[in-house]
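Peer 1: Here you go, one structure.
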Amino acid sequence: GAVVSQHPSWVICKSGTSVKIECRSLDFQATTMFWYRQFPKQSLMLMATSNEGSKATYEQGVEKDKFLINHASLTLSTLTVTSAHPEDSSFYICSARGAPQSYEQYFGPGTRLTVT
Amino acid sequence: DQQVKQNSPSLSVQEGRISILNCDYTNSMFDYFLWYKKYPAEGPTFLISISSIKDKNEDGRFTVFLNKSAKHLSLHIVPSQPGDSAVYFCAASSRGSNYKLTFGKGTLLTVNP
């Protein structure tokens with residue numbers, strides 16, 4: 001149980017274009033999903049928290065207009081990187097939390113984004 | 001300001017021996033701690049966790065110890081196996097932060113056959 005999928009697993013796009021990444025909880029309903037970013041040999045940095053049916057909460061320093069998050073259902077959240085630039089190239093990972101007051105998060109396999 | 005620190009970037013042990021991964025934290029509001037295992041280009045996999053009201057939690061070959069006064073926790077793996085080779089992340093959370101996870105930078109464990 002507690003499986004989270006991400007699509008695509010990797011994507012290459014040209015500078016200036018937008019890219020959408022999907023995160024799905026496959027066997028449970030996720031009231032809250034999280035989006036992380038990981039640079040090589042670095043920690044996972046939380047970008048934003050999204051709750052189903054409400055606006056995402058972004059961490060300090062994360063541009064809301066650049067990283068658009070939508071959590072339209074209890075099993076799907078999307079992250080859209082708008083007007084991507086090479087510095088946005090990174091590994092993006094989502095996680096999902098089933099119970100509202102649960103510490104444990106279940107992570108997706110991640111999406112490698114390369115902007116050329 | 002790093003609230004969760006894993007000061008050893010890497011650790012190498014022999015198969016069958018004990019692996020000890022360490023983690024320190026600075027925020028006294030953290031009340032729950034988790035260890036995740038991660039392979040390259042994959043998402044983290046949950047290993048084991050511990051509440052701040054406990055000082056030890058065991059699950060098979062994995063044991064986590066918590067020393068609240070020292071703000072220190074450790075993950076023991078015994079016996080270590082080559083398949084344990086991965087990056088291990090320590091994470092901390094609190095009710096006050098809406099259960100968000102704060103991660104350390106990770107420790108690369110290599111178990112040599």
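Going by the structure tokens order, chains are called A, B, ..., each with residues numbered from 1, while ligands are numbered from 1 in the order shown.
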What parts of chain B does DSSP call strand (DSSP E)? I'd like the answer as a PyMOL selection string.

Peer 2: chain B and resi 4-5+10-14+19-25+32-38+45-51+56-59+62-67+72-77+86-93+102-103+107-112

Peer 1: Could you pull out all residues of segment 6-113 of chain B with a DSSP call of helix (DSSP H, G or I) and give them as number ranges by chain?

Peer 2: B: 82-84, 95-97

Peer 1: Generate the output file for the selected residues, C-alpha atoms, as a short mmCIF file (atom, residue, chain, number, x, y, z; two decimals), in the first residue's frame.

Peer 2:
data_model
loop_
_atom_site.label_atom_id
_atom_site.label_comp_id
_atom_site.auth_asym_id
_atom_site.auth_seq_id
_atom_site.Cartn_x
_atom_site.Cartn_y
_atom_site.Cartn_z
CA PRO B 82 25.40 -5.00 0.35
CA GLY B 83 21.80 -4.19 -0.59
CA ASP B 84 21.77 -1.59 2.19
CA ARG B 95 2.84 19.16 14.89
CA GLY B 96 3.54 22.86 15.03
CA SER B 97 4.96 22.85 11.52
#

Peer 1: Select residues of chain A: the criterion is any atom within 10 Å of an atom of chain B, counting only C-alpha atoms; output as a PyMOL selection string.

Peer 2: chain A and resi 4-6+9-10+34+40-46+48-49+91-95+97+100-112

Peer 1: In Å, rounded to a single decimal, give me how far atom CA of Leu79 of chain A is from atom CA of Lys64 of chain A.

Peer 2: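 Those two atoms sit 10.8 Å apart.
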
Peer 1: Using only C-alpha atoms, which protein or nucleic acid residues come within 9 Å of Asn27 of chain B? Drop anything in the same chain fewer than 4 positions from it, and give the result as a VMD selection string.

Peer 2: chain B and resid 3 to 4 71

Peer 1: Tell me which protein, DNA and RNA residues are within 10 Å of Arg61 of chain B, counting only C-alpha atoms, leaving out same-chain ones fewer than 5 positions away, and put them as an NGL selection string.

Peer 2: :B and (18 or 76-81)

Peer 1: So which residues touch segment 109-111 of chain B within 6 Å, counting only C-alpha atoms, skipping near sequence neighbours fewer than 5 positions away, as number ranges by chain?

Peer 2: B: 10-15, 82, 85-87

Peer 1: Just give me the gap between atom CA of Arg37 of chain A and atom CA of Ser90 of chain A in Å, one decimal is fine.

Peer 2: 6.7 Å

Peer 1: Excluding Thr82 of chain A and its own-chain neighbours fewer than 4 positions away, which residues fall within 10 Å of it when counting only C-alpha atoms? Please give them as a ChimeraX atom specification.

Peer 2: /A:15-20,65-68,88

Peer 1: Just the number, please: distance in Å from atom CA of Ser28 of chain B to atom CA of Leu47 of chain B, one decimal.

Peer 2: 22.9 Å

Peer 1: Given the choices B:Gln2, B:Trp35, B:Phe30, B:Ser69, which gets closest to Ser52 of chain B if the distance is worked out from only C-alpha atoms?

Peer 2: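 Checking each candidate against Ser52 of chain B, we get B:Phe30 as the closest.
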